[in-house]
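Report on one structure; see the data block that follows.
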Amino acid sequence: MTGHAKEARTEGEPPLLELTDLKVHFQLKKELFQTTKHAVKAVDGVSLSVRRSETLSIVGESGCGKSTMGRAILRLVDPTAGTIKLDGADISRLSGKRLWQHRRKMQAVFQDPFASLSPRMKVGAIIAEPLVNYGTVTGRKAALSRAAELLEVVGLKGEHASKFPHEFSGGQRQRIGIARAIALNPDLIICDEAVSALDVSVQAQIINLLMDLQDEFKLSYLFIAHDLAVVDHISTRVAVMYLGRIVELAHRDTLFDTPKHPYTEALLAAVPTPDPSISSAKAVLSGDVPSPINPPPGCHFNTRCPYAEDRCRIESPVLREIAPHHFVSCHYR
Amino acid sequence: MSIIGDVKRLDLVTRLDWIGTAVRVQFGRNPSLVLGGALFVLLVLVSVFAPLLTDSDPRRINGIVRLTSPGGDFLFGTDNLGRDMFARTFFGGRISLIVGVSVALIASIAGLFFGLIAGYFRRLDSIIMRVMDGIMAIPGILLAIALVAVTRPSVGNVIMAIAVTEIPRVVRLVRSVVLTLREQPYVDAATSVGTSTIGILHRHILPNAMAPLIVQATFICAAAVITEAYLSFLGAGTPSEIPSWGNMMAEGRIYFLTAPWIVLIPGGFLAAMVLSINIVGDGLRDMLDPRMTKEL
């Protein structure tokens with residue numbers, strides 16, 4: 001991939017998606033003798049942008065808030081604070097009809113290909129649903145024939161439209177989910193762990209399909225994942241998330257070759273190497289991710305960071321640009 | 001919009017043919033459903049066509065032939081007033097059926113409506129559910145007796161009384177199903193492709209909530225048949241001039257030692273009806289799982 005060239009080409013344009021200090025907090029119910037209200041700070045001040053025709057991957061451990069961030073962008077959960085700008089328009093406070101008009105510009109592919117398709121709807125009806133909702137085609141026949149076309153675009157057969165989702169394999173179902181996502185010709189597709197539930201061989205097919213579709217339809221992806229091999233393959237840029245915050249954001253090659261944040265280092269060190277003669281003497285993280293209800297003060301990573309000093313336990317680092325297009329949130333890098 | 005429902009329009013001949021094939025396929029897969037269904041259909045047919053099966057009036061009193069044993073002129077014997085048990089049993093089945101089916105329908109429709117609202121619109125949930133808890137706190141049979149007592153005993157009142165006591169159970173069932181369904185990724189997917197709330201309820205939640213509801217409806221139908229019999233047995237149900245299995249048993253109970261058929265025949269039919277409905281309910285539960293039905 002010619003990531004750098006692509007990046008340079010789109011740099012001047014305004015970003016397709018821009019998050020500014022996005023926060024999603026879930027209020028917990030107050031217990032009987034509790035005086036303060038606790039909140040799960042799933043997303044705690046994320047600012048990033050997705051440019052046109054690029055793939056921005058979000059990686060992080062489970063529970064770091066990456067899926068919640070995706071759901072907030074899709075407006076499936078309400079953001080607590082911050083703004084979400086899609087194609088220049090702030091959609092973070094919209095609702096009803098106004099929000100509906102913006103929804104067609106961003107679509108989603110979900111993690112579980114078995115649960116993301118209605119079990120009692122035929123595949124044709126599932127793919128036709130967005131078309132019918134937005135009236136892009138008129139009439140039942142036109143919608144079904146468009147659905148059949150879309151099935152062929154994602155590598156299935158048109159006659160599959162009359163079958164039910166349970167008659168397909170996981171990979172095929174994910175293709176159906178992708179067909180539904182591209183039905184409205186969106187600009188942005190949020191892939192929330194879109195290949196995590198699939199076999200490795202099927203993963204490769206789906207990733208190649210996503211990349212082909214990106215070229216064909218000029219799509220941008222926000223690719224939420226935890227598998228670094230997949231991320232390395234598909235991404236233009238990569239953001240690393242830890243406990244609701246972005247800790248490092250850089251071009252894919254930069255991030256994989258010269259990671260700056262201790263957490264990114266540890267994540268990359270945890271990737272298994274196929275050659276057993278290469279010893280992995282690098283730092284391995286110990287301990288668990290702290291609770292997002294009560295994150296440690298200062299830098300969220302200080303409880304597990306091998307380099308943590310007093311300052312890290314008091315002062316929260318900001319995401320700053322240490323090299324062109326390379327952002328790190330650490331006091332000492 | 002009709003593409004979503006995508007129901008094949010078959011003409012009558014192919015449809016009947018299809019039913020025949022379906023019954024054969026189901027028999028192989030689920031024999032108890034077909035046998036229970038056949039028993040239920042048989043009981044429905046003899047009740048519906050009761051006037052064609054017998055000439056005698058179920059209400060005609062004839063003192064000369066009172067307490068005749070089954071067989072001979074009176075296939076099921078006669079009761080203490082010499083009324084023909086054969087006619088009374090089949091006419092009585094109509095009451096049980098009307099009550100069972102009406103209660104199942106009314107409770108399902110009302111329960112579905114309130115259950116969908118309570119499950120999907122979280123703000124109305126606690127209001128609706130507290131009202132339902134209130135109704136549920138009263139023992140069903142007592143509520144039914146009270147309702148019949150303040151009104152006049154009639155089949156319609158019996159239906160309403162039993163339906164009111166059954167509604168909370170349906171609401172709870174539907175609500176719990178909706179609560180799990182609304183968190184399904186396909187509901188999120190529908191939201192992100194721009195489906196309206198009504199569309200989500202109609203296309204994504206309702207079809208998936210129907211299977212447990214239908215199964216529950218069959219059990220409600222069976223329970224209503226029994227409750228009607230209870231109420232009639234206690235004299236708080238179907239008025240005594242209309243034969244029903246419950247009031248037949250109530251009238252026959254003092255003659256049980258000399259003429260046991262007055263109790264046993266309607267009791268046996270009641271048991272058969274309830275059993276067949278329950279078997280059908282169990283069978284439907286298996287059949288309505290989409291992962292178990294294959295292309296016919």
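Labels used: A, B, ... for chains in the order of the structure tokens, numbers from 1 for residues in each chain, and numbers from 1 for ligands as shown.
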Q: Determine, counting only C-alpha atoms, which protein, DNA and RNA residues have an atom within 10 Å of an atom of Leu181 of chain B; residues of the same chain fewer than 2 positions away are not included. Present the result as a PyMOL selection string.
A: chain B and resi 119-120+175-179+183-187+201+204-206+208-209
Each residue of segment 76-191 of chain B with at least one atom at most 9 Å from segment 264-287 of chain B should appear once, together with its nearest atom pair and the corresponding distance in Å (one decimal); atoms considered: only C-alpha atoms; ordering: chain, then increasing residue number; output as a Markdown table.
```
| residue | atom | partner | partner_atom | distance |
| --- | --- | --- | --- | --- |
| B:Phe76 | CA | B:Ile265 | CA | 7.5 |
| B:Met85 | CA | B:Ile265 | CA | 8.4 |
| B:Arg88 | CA | B:Pro266 | CA | 8.9 |
| B:Thr89 | CA | B:Pro266 | CA | 6.0 |
| B:Gly92 | CA | B:Pro266 | CA | 8.2 |
| B:Gly93 | CA | B:Phe269 | CA | 8.1 |
| B:Ser96 | CA | B:Leu270 | CA | 8.3 |
| B:Leu97 | CA | B:Met273 | CA | 8.9 |
```
Q. Quick one: which residues from chain A are at most 6 Å off chain B, using only C-alpha atoms, as a ChimeraX atom specification?
A. /A:100,115-118,125,130,140
Q | Between atom CA of Ile138 of chain B and atom CA of Met210 of chain B - distance in Å to one decimal | A | 27.4 Å
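As for atom CA of Asn30 of chain B and atom CA of Asp17 of chain B, they are spaced 19.4 Å apart.
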Q: Can you pull out every residue within 12 Å of Ser57 of chain A, counting only C-alpha atoms, but drop anything in the same chain fewer than 4 positions away, and send it as an MDAnalysis selection string?
A: chainID A and resid 48:50 66:67 70 189:194 220:241 246 248:252 255
Would you mind exporting N, CA and C atoms of the selected residues as a compact mmCIF listing (two decimals), in the first residue's frame?
```txt
# COMPACT_ATOMS: atom_id res chain seq x y z
N LEU A 48 -9.53 12.86 17.57
CA LEU A 48 -8.82 12.33 16.40
C LEU A 48 -9.64 12.64 15.16
N SER A 49 -9.04 12.38 14.01
CA SER A 49 -9.79 12.63 12.79
C SER A 49 -9.51 11.52 11.79
N VAL A 50 -10.51 11.26 10.96
CA VAL A 50 -10.37 10.28 9.90
C VAL A 50 -10.44 11.04 8.59
N LYS A 66 -12.75 1.22 22.98
CA LYS A 66 -12.71 1.44 21.53
C LYS A 66 -14.07 1.17 20.88
N SER A 67 -14.74 0.09 21.34
CA SER A 67 -16.05 -0.18 20.76
C SER A 67 -17.07 0.89 21.15
N GLY A 70 -16.75 3.74 18.93
CA GLY A 70 -17.40 3.48 17.65
C GLY A 70 -18.90 3.65 17.75
N ILE A 189 -17.15 3.91 6.96
CA ILE A 189 -17.67 2.67 7.53
C ILE A 189 -16.89 2.38 8.80
N ILE A 190 -17.63 2.17 9.88
CA ILE A 190 -17.01 1.85 11.15
C ILE A 190 -17.02 0.34 11.29
N CYS A 191 -15.84 -0.27 11.26
CA CYS A 191 -15.74 -1.72 11.37
C CYS A 191 -15.40 -2.03 12.82
N ASP A 192 -16.40 -2.45 13.57
CA ASP A 192 -16.18 -2.73 14.98
C ASP A 192 -15.79 -4.19 15.14
N GLU A 193 -14.50 -4.46 15.22
CA GLU A 193 -13.99 -5.83 15.33
C GLU A 193 -14.59 -6.69 14.22
N ALA A 194 -14.60 -6.14 13.00
CA ALA A 194 -15.35 -6.79 11.92
C ALA A 194 -14.81 -8.16 11.54
N SER A 220 -13.83 5.47 3.61
CA SER A 220 -12.91 5.62 4.73
C SER A 220 -13.34 4.61 5.79
N TYR A 221 -12.36 4.02 6.44
CA TYR A 221 -12.69 3.08 7.51
C TYR A 221 -12.19 3.57 8.85
N LEU A 222 -13.02 3.41 9.85
CA LEU A 222 -12.53 3.48 11.22
C LEU A 222 -12.54 2.04 11.68
N PHE A 223 -11.35 1.46 11.77
CA PHE A 223 -11.23 0.03 11.93
C PHE A 223 -10.85 -0.29 13.37
N ILE A 224 -11.83 -0.77 14.12
CA ILE A 224 -11.59 -1.07 15.53
C ILE A 224 -11.17 -2.53 15.64
N ALA A 225 -10.02 -2.77 16.21
CA ALA A 225 -9.50 -4.14 16.22
C ALA A 225 -8.58 -4.34 17.40
N HIS A 226 -8.26 -5.62 17.66
CA HIS A 226 -7.21 -5.85 18.65
C HIS A 226 -6.10 -6.72 18.07
N ASP A 227 -6.31 -7.22 16.85
CA ASP A 227 -5.31 -8.09 16.23
C ASP A 227 -4.35 -7.22 15.43
N LEU A 228 -3.08 -7.14 15.92
CA LEU A 228 -2.14 -6.21 15.30
C LEU A 228 -1.72 -6.64 13.90
N ALA A 229 -1.75 -7.94 13.62
CA ALA A 229 -1.39 -8.39 12.28
C ALA A 229 -2.40 -7.85 11.26
N VAL A 230 -3.68 -7.92 11.63
CA VAL A 230 -4.74 -7.40 10.77
C VAL A 230 -4.58 -5.90 10.60
N VAL A 231 -4.31 -5.23 11.70
CA VAL A 231 -4.18 -3.77 11.68
C VAL A 231 -3.01 -3.35 10.79
N ASP A 232 -1.90 -4.08 10.91
CA ASP A 232 -0.71 -3.80 10.10
C ASP A 232 -1.05 -3.88 8.61
N HIS A 233 -1.93 -4.83 8.28
CA HIS A 233 -2.25 -5.06 6.88
C HIS A 233 -3.15 -3.98 6.29
N ILE A 234 -4.11 -3.53 7.06
CA ILE A 234 -5.19 -2.73 6.46
C ILE A 234 -5.01 -1.22 6.68
N SER A 235 -4.24 -0.81 7.70
CA SER A 235 -4.32 0.57 8.15
C SER A 235 -3.53 1.58 7.33
N THR A 236 -3.97 2.81 7.33
CA THR A 236 -3.15 3.92 6.91
C THR A 236 -2.48 4.50 8.16
N ARG A 237 -3.31 4.80 9.15
CA ARG A 237 -2.78 5.27 10.43
C ARG A 237 -3.36 4.40 11.54
N VAL A 238 -2.68 4.42 12.68
CA VAL A 238 -3.10 3.59 13.81
C VAL A 238 -3.16 4.46 15.07
N ALA A 239 -4.23 4.31 15.82
CA ALA A 239 -4.32 4.96 17.13
C ALA A 239 -4.37 3.88 18.19
N VAL A 240 -3.58 4.06 19.24
CA VAL A 240 -3.57 3.09 20.34
C VAL A 240 -4.36 3.69 21.49
N MET A 241 -5.27 2.90 22.03
CA MET A 241 -6.16 3.42 23.06
C MET A 241 -5.91 2.66 24.36
N ILE A 246 -6.54 8.10 23.94
CA ILE A 246 -5.56 7.76 22.90
C ILE A 246 -4.17 8.00 23.49
N GLU A 248 -1.23 6.90 21.68
CA GLU A 248 -0.30 7.12 20.58
C GLU A 248 -1.06 7.06 19.27
N LEU A 249 -0.68 7.94 18.36
CA LEU A 249 -1.35 8.00 17.06
C LEU A 249 -0.29 8.31 16.02
N ALA A 250 -0.14 7.44 15.05
CA ALA A 250 0.90 7.66 14.04
C ALA A 250 0.56 6.90 12.78
N HIS A 251 1.33 7.18 11.76
CA HIS A 251 1.22 6.38 10.55
C HIS A 251 1.58 4.94 10.88
N ARG A 252 0.96 4.02 10.15
CA ARG A 252 1.14 2.61 10.47
C ARG A 252 2.60 2.21 10.57
N LEU A 255 4.37 3.70 13.54
CA LEU A 255 3.96 3.12 14.82
C LEU A 255 4.54 1.73 15.01
```
Q: DSSP on the backbone, then: every residue of segment 98-187 of chain A marked strand (DSSP E or B), written as a ChimeraX atom specification.
A: /A:106-109
Q: With a distance cut-off of 10 Å and only C-alpha atoms, select the neighbouring residues of Gly77 of chain B, excluding the residue or stretch itself and same-chain residues fewer than 5 positions from it, and output the selection as number ranges by chain.
A: B: 65-72, 82-86, 259, 261-262, 265
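Residue neighbourhood of Leu213 of chain B, excluding near-sequence residues (fewer than 2 positions): Ser108, Ile109, Gly111, Leu112, Val170, Val171, Leu173, Val174, Val177, Leu206, Asn208, Ala209, Met210, Ala211, Val215, Gln216, Ala217, Thr218, Phe219 and Arg285 of chain B, at 10 Å, using only C-alpha atoms.
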Might you pull out every residue within 12 Å of Lys85 of chain A, with only C-alpha atoms counted and same-chain residues fewer than 4 positions away left off, and present them as a short mmCIF file (atom, residue, chain, number, x, y, z; two decimals) with N, CA, C and O atoms, in the first residue's frame?
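Saved file around.cif follows:
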```
data_model
loop_
_atom_site.label_atom_id
_atom_site.label_comp_id
_atom_site.auth_asym_id
_atom_site.auth_seq_id
_atom_site.Cartn_x
_atom_site.Cartn_y
_atom_site.Cartn_z
N PRO A 14 -10.34 18.97 4.45
CA PRO A 14 -10.88 18.83 5.82
C PRO A 14 -11.18 17.36 6.09
O PRO A 14 -11.55 16.62 5.17
N PRO A 15 -10.99 16.91 7.33
CA PRO A 15 -11.21 15.49 7.62
C PRO A 15 -12.69 15.11 7.47
O PRO A 15 -13.58 15.95 7.62
N LEU A 16 -12.91 13.84 7.17
CA LEU A 16 -14.28 13.34 7.03
C LEU A 16 -14.95 13.24 8.40
O LEU A 16 -16.10 13.61 8.59
N LEU A 17 -14.18 12.72 9.35
CA LEU A 17 -14.72 12.57 10.70
C LEU A 17 -13.74 13.22 11.66
O LEU A 17 -12.53 13.01 11.56
N GLU A 18 -14.26 14.04 12.53
CA GLU A 18 -13.38 14.72 13.48
C GLU A 18 -13.99 14.63 14.88
O GLU A 18 -15.10 15.10 15.12
N LEU A 19 -13.25 14.01 15.78
CA LEU A 19 -13.70 13.92 17.17
C LEU A 19 -12.91 14.93 17.98
O LEU A 19 -11.69 15.01 17.85
N THR A 20 -13.59 15.71 18.79
CA THR A 20 -12.91 16.65 19.65
C THR A 20 -13.28 16.38 21.09
O THR A 20 -14.44 16.51 21.46
N ASP A 21 -12.31 15.92 21.86
CA ASP A 21 -12.49 15.70 23.30
C ASP A 21 -13.75 14.89 23.60
O ASP A 21 -14.52 15.21 24.51
N LEU A 22 -13.95 13.82 22.84
CA LEU A 22 -15.16 13.01 23.00
C LEU A 22 -15.11 12.22 24.31
O LEU A 22 -14.12 11.57 24.63
N SER A 47 -9.62 12.83 20.94
CA SER A 47 -9.64 13.72 19.80
C SER A 47 -8.88 13.04 18.67
O SER A 47 -7.72 12.67 18.86
N LEU A 48 -9.53 12.86 17.57
CA LEU A 48 -8.82 12.33 16.40
C LEU A 48 -9.64 12.64 15.16
O LEU A 48 -10.77 13.12 15.26
N SER A 49 -9.04 12.38 14.01
CA SER A 49 -9.79 12.63 12.79
C SER A 49 -9.51 11.52 11.79
O SER A 49 -8.46 10.89 11.82
N VAL A 50 -10.51 11.26 10.96
CA VAL A 50 -10.37 10.28 9.90
C VAL A 50 -10.44 11.04 8.59
O VAL A 50 -11.40 11.78 8.36
N ARG A 51 -9.40 10.88 7.75
CA ARG A 51 -9.40 11.59 6.49
C ARG A 51 -10.11 10.77 5.43
O ARG A 51 -10.36 9.58 5.61
N ALA A 72 -20.47 5.47 19.89
CA ALA A 72 -20.81 6.88 20.09
C ALA A 72 -20.79 7.63 18.76
O ALA A 72 -21.65 8.47 18.49
N ILE A 73 -19.81 7.30 17.90
CA ILE A 73 -19.76 7.97 16.60
C ILE A 73 -21.00 7.62 15.79
O ILE A 73 -21.60 8.48 15.15
N LEU A 74 -21.43 6.35 15.87
CA LEU A 74 -22.64 5.93 15.17
C LEU A 74 -23.90 6.46 15.84
O LEU A 74 -25.00 6.22 15.36
N ARG A 75 -23.72 7.12 16.97
CA ARG A 75 -24.82 7.65 17.77
C ARG A 75 -25.75 6.55 18.26
O ARG A 75 -26.97 6.74 18.33
N ALA A 89 -20.28 18.56 9.70
CA ALA A 89 -21.46 18.85 10.52
C ALA A 89 -21.34 18.18 11.88
O ALA A 89 -20.98 17.00 11.95
N ASP A 90 -21.64 18.92 12.93
CA ASP A 90 -21.58 18.36 14.27
C ASP A 90 -22.83 17.51 14.51
O ASP A 90 -23.95 18.03 14.55
N ILE A 91 -22.63 16.20 14.65
CA ILE A 91 -23.79 15.32 14.84
C ILE A 91 -23.92 14.87 16.28
O ILE A 91 -24.79 14.08 16.61
N SER A 92 -23.06 15.40 17.17
CA SER A 92 -23.03 14.84 18.52
C SER A 92 -24.28 15.17 19.34
O SER A 92 -24.57 14.48 20.30
N ARG A 93 -25.03 16.21 18.96
CA ARG A 93 -26.22 16.54 19.73
C ARG A 93 -27.50 16.39 18.91
O ARG A 93 -28.57 16.73 19.40
N LEU A 94 -27.37 15.91 17.69
CA LEU A 94 -28.57 15.81 16.85
C LEU A 94 -29.42 14.63 17.28
O LEU A 94 -28.95 13.68 17.89
N HIS A 102 -28.04 12.37 8.56
CA HIS A 102 -26.59 12.20 8.56
C HIS A 102 -26.18 10.74 8.65
O HIS A 102 -25.07 10.40 8.28
N LYS A 105 -24.44 8.66 5.83
CA LYS A 105 -23.05 8.89 5.43
C LYS A 105 -22.09 7.98 6.18
O LYS A 105 -20.93 7.86 5.81
N MET A 106 -22.55 7.42 7.29
CA MET A 106 -21.68 6.48 8.01
C MET A 106 -22.45 5.19 8.28
O MET A 106 -23.60 5.21 8.70
#
```
Q: Would you mind writing down, as number ranges by chain, each residue of segment 38-238 of chain A that DSSP on the backbone assigns to helix (DSSP H, G or I)?
A: A: 66-73, 96-103, 123-133, 140-153, 158-162, 165-167, 170-182, 200-217, 228-234
